[in-house]
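See below for the structure under consideration.
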Amino acid sequence: DGGITQSPKYLFRKEGQNVTLSCEQNLNHDAMYWYRQDPGQGLRLIYYSQIVNDFQKGDIAEGYSVSREKKESFPLTVTSAQKNPTAFYLCASSNRQGATVTYEQYFGPGTRLTVT
Amino acid sequence: GESVGLHLPTLSVQEGDNSIINCAYSNSASDYFIWYKQESGKGPQFIIDIRSNMDKRQGQRVTVLLNKTVKHLSLQIAATQPGDSAVYFCAENTGRRALTFGSGTRLQVQP
């Protein structure tokens with residue numbers, strides 16, 4: 001059963017703690033992405049990775065970190081430096097984006113993080 | 001799950017009617033566009049895409065129209081059903097190898 005998995009679905013943390021969100025895909029996609037979604041908002045790009053061991057900052061990377069040690073996995077760490085971490089976090093993957101060709105992104109079910 | 005569309009513009013249609021959801025995109029150099037559907041508490045699902053060398057593309061019950069002159073994208077859903085109720089996002093490729101998403105429109109289908 002191919003797809004993208006994110007775990008857990010709901011996550012609760014105390015302010016000041018770092019937390020790592022999991023994202024795994026078995027679609028053999030090269031590219032992976034992390035987005036943040038707040039109520040009434042669209043998706044905002046945090047980080048993306050086109051290939052293993054390489055990643056780029058998106059529009060709102062401050063307070064977040066990522067790693068891409070394996071093709072299948074792209075974990076996101078929400079650090080204590082992120083001022084408003086409570087949000088819905090979505091992971092996506094796609095075939096590698098070429099210079100002139102863009103492929104659709106497939107999304108996971110999301111993780112809702114609540115920090116109090 | 002919680003709604004992700006608490007303050008979004010809302011389009012309300014009767015079941016069986018056609019729906020038209022509009023999107024203004026930002027970058028005249030964008031060459032690829034996608035429409036996604038997102039149900040409450042879930043990840044977005046691909047509906048249809050279109051490249052900038054086209055002005056219309058049809059899928060099953062859906063049509064996407066692209067007007068590059070005014071940077072406008074629309075999604076038409078024929079014979080709208082209750083299961084179509086969701087938030088719809090357009091997204092564009094602005095050239096940085098990642099998509100930029102619009103703020104979304106909530107579609108409510110009245111039975």
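In the structure tokens, each chain is lettered A, B, ... as it comes, each chain's residues begin at 1, and ligands are numbered from 1 in order of appearance.
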
Could you give me, as JSON, numbers by chain, each residue of stretch 3-96 of chain A that DSSP assigns to strand (DSSP E or B) when run on this structure's backbone? {"A": [4, 5, 6, 7, 10, 11, 12, 13, 19, 20, 21, 22, 23, 24, 25, 31, 32, 33, 34, 35, 36, 37, 43, 44, 45, 46, 47, 48, 49, 50, 51, 54, 55, 56, 57, 64, 65, 66, 70, 73, 76, 77, 78, 87, 88, 89, 90, 91, 92, 93, 94]}

List the spatial neighbours of A:Ser67 as a list of chain:residue names - criterion: any atom at most 8 Å away, only C-alpha atoms, same-chain residues fewer than 5 positions off excluded.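 Near A:Ser67, the qualifying residues are A:Asn53, A:Phe55, A:Phe74, A:Pro75, A:Leu76.
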
Restrict the distance test to only C-alpha atoms, flag each residue of chain A within 12 Å of chain B, and return the flagged residues as a count of residues only. 58

Within 9 Å of B:Ala24, counting only C-alpha atoms, which residues show up once you throw out same-chain ones fewer than 3 positions away? Write them as a list of chain:residue names, please.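 Near neighbours after the sequence-gap exclusion: B:Val70, B:Lys71, B:His72, B:Leu73, B:Ser74, B:Cys90, B:Gly102.
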
Residues as selected, all heavy atoms, written as a short mmCIF file (atom, residue, chain, number, x, y, z; two decimals), in the first residue's frame, can you do that?
data_model
loop_
_atom_site.label_atom_id
_atom_site.label_comp_id
_atom_site.auth_asym_id
_atom_site.auth_seq_id
_atom_site.Cartn_x
_atom_site.Cartn_y
_atom_site.Cartn_z
N VAL B 70 -4.71 37.60 -17.68
CA VAL B 70 -5.10 38.24 -16.41
C VAL B 70 -4.65 37.42 -15.20
O VAL B 70 -5.06 37.70 -14.07
CB VAL B 70 -6.62 38.47 -16.36
CG1 VAL B 70 -7.02 39.49 -17.42
CG2 VAL B 70 -7.40 37.18 -16.54
N LYS B 71 -3.83 36.41 -15.42
CA LYS B 71 -3.30 35.56 -14.34
C LYS B 71 -4.43 35.00 -13.49
O LYS B 71 -4.48 35.18 -12.27
CB LYS B 71 -2.28 36.34 -13.50
CG LYS B 71 -1.01 36.68 -14.27
CD LYS B 71 0.09 37.24 -13.38
CE LYS B 71 -0.22 38.65 -12.97
NZ LYS B 71 0.87 39.29 -12.22
N HIS B 72 -5.31 34.30 -14.15
CA HIS B 72 -6.48 33.77 -13.48
C HIS B 72 -6.67 32.29 -13.82
O HIS B 72 -6.49 31.87 -14.96
CB HIS B 72 -7.71 34.56 -13.93
CG HIS B 72 -8.97 34.16 -13.25
ND1 HIS B 72 -9.83 33.22 -13.78
CD2 HIS B 72 -9.51 34.54 -12.06
CE1 HIS B 72 -10.85 33.06 -12.95
NE2 HIS B 72 -10.68 33.85 -11.91
N LEU B 73 -7.02 31.55 -12.79
CA LEU B 73 -7.23 30.11 -12.90
C LEU B 73 -8.61 29.81 -12.33
O LEU B 73 -9.00 30.41 -11.32
CB LEU B 73 -6.17 29.42 -12.06
CG LEU B 73 -5.86 27.95 -12.20
CD1 LEU B 73 -5.26 27.65 -13.56
CD2 LEU B 73 -4.89 27.52 -11.10
N SER B 74 -9.36 28.92 -12.95
CA SER B 74 -10.64 28.54 -12.37
C SER B 74 -10.81 27.03 -12.43
O SER B 74 -10.25 26.35 -13.30
CB SER B 74 -11.80 29.23 -13.09
OG SER B 74 -11.96 28.74 -14.40
N CYS B 90 -5.65 26.42 -5.12
CA CYS B 90 -4.84 26.40 -6.33
C CYS B 90 -3.38 26.55 -5.91
O CYS B 90 -3.08 27.08 -4.85
CB CYS B 90 -5.24 27.51 -7.28
SG CYS B 90 -4.93 29.18 -6.67
N GLY B 102 -2.30 29.10 -2.96
CA GLY B 102 -3.23 30.17 -2.65
C GLY B 102 -3.88 29.93 -1.30
O GLY B 102 -3.64 28.91 -0.65
#

Env of B:Gln60: 12 Å cut, atoms = only C-alpha atoms, seq-sep filter 4 positions within chain, self excluded. Answer as a PDB file with C-alpha atoms, in the first residue's frame.
ATOM      1  CA  ILE B  47      -7.696  17.098  -8.504  1.00  0.00           C
ATOM      2  CA  ILE B  48      -6.270  18.318 -11.800  1.00  0.00           C
ATOM      3  CA  VAL B  64      -9.571  23.826 -15.226  1.00  0.00           C
ATOM      4  CA  GLN B  76     -15.336  24.078 -12.656  1.00  0.00           C
ATOM      5  CA  ILE B  77     -17.096  21.145 -11.008  1.00  0.00           C
ATOM      6  CA  ALA B  78     -20.067  19.744 -12.875  1.00  0.00           C
ATOM      7  CA  ALA B  79     -23.136  18.385 -11.066  1.00  0.00           C
ATOM      8  CA  THR B  80     -21.740  19.189  -7.631  1.00  0.00           C
TER       9      THR B  80
END

Residues near A:Ser65, anyone? I mean within 8 Å using only C-alpha atoms, not counting same-chain ones fewer than 4 positions away, as number ranges by chain. A: 61, 76-79

With distances taken over only C-alpha atoms, which residue among B:Ser52, B:Thr10, B:Glu15, B:Gly83 lies nearest B:Pro111?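 So, comparing all the options, the nearest one is B:Glu15.
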
Could you please determine the separation between atom CA of B:Gly59 and atom CA of A:Asn28 in Å, to one decimal place?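 If I compute the distance from atom CA of B:Gly59 to atom CA of A:Asn28, I get 25.9 Å.
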
For B:Gln38, the closest of B:Asn67, B:Thr94, B:Gln108, B:Ser85 counting only C-alpha atoms is B:Ser85

Give me the residues within 7 Å of B:Gln14 as an MDAnalysis selection string, counting only C-alpha atoms and dropping any in the same chain fewer than 3 places off. chainID B and resid 17 109:111

Those residues you just picked out, can you put them in a file as a PDB file, in the first residue's frame with N, CA, C and O atoms?
ATOM      1  N   ASP B  17     -25.960  21.479  -9.021  1.00  0.00           N
ATOM      2  CA  ASP B  17     -25.538  22.656  -9.775  1.00  0.00           C
ATOM      3  C   ASP B  17     -24.058  22.535 -10.135  1.00  0.00           C
ATOM      4  O   ASP B  17     -23.322  21.719  -9.576  1.00  0.00           O
ATOM      5  N   VAL B 109     -21.850  22.372  -0.235  1.00  0.00           N
ATOM      6  CA  VAL B 109     -22.894  21.861  -1.117  1.00  0.00           C
ATOM      7  C   VAL B 109     -24.145  21.624  -0.292  1.00  0.00           C
ATOM      8  O   VAL B 109     -24.129  20.825   0.656  1.00  0.00           O
ATOM      9  N   GLN B 110     -25.207  22.322  -0.649  1.00  0.00           N
ATOM     10  CA  GLN B 110     -26.479  22.197   0.068  1.00  0.00           C
ATOM     11  C   GLN B 110     -27.329  21.098  -0.576  1.00  0.00           C
ATOM     12  O   GLN B 110     -27.508  21.099  -1.788  1.00  0.00           O
ATOM     13  N   PRO B 111     -27.834  20.165   0.239  1.00  0.00           N
ATOM     14  CA  PRO B 111     -28.629  19.062  -0.323  1.00  0.00           C
ATOM     15  C   PRO B 111     -29.996  19.530  -0.819  1.00  0.00           C
ATOM     16  O   PRO B 111     -30.468  20.593  -0.456  1.00  0.00           O
TER      17      PRO B 111
END

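Atom pair atom CA of A:Ser73 / atom CA of A:Gln25 has a distance of 6.6 Å (rounded to one decimal).
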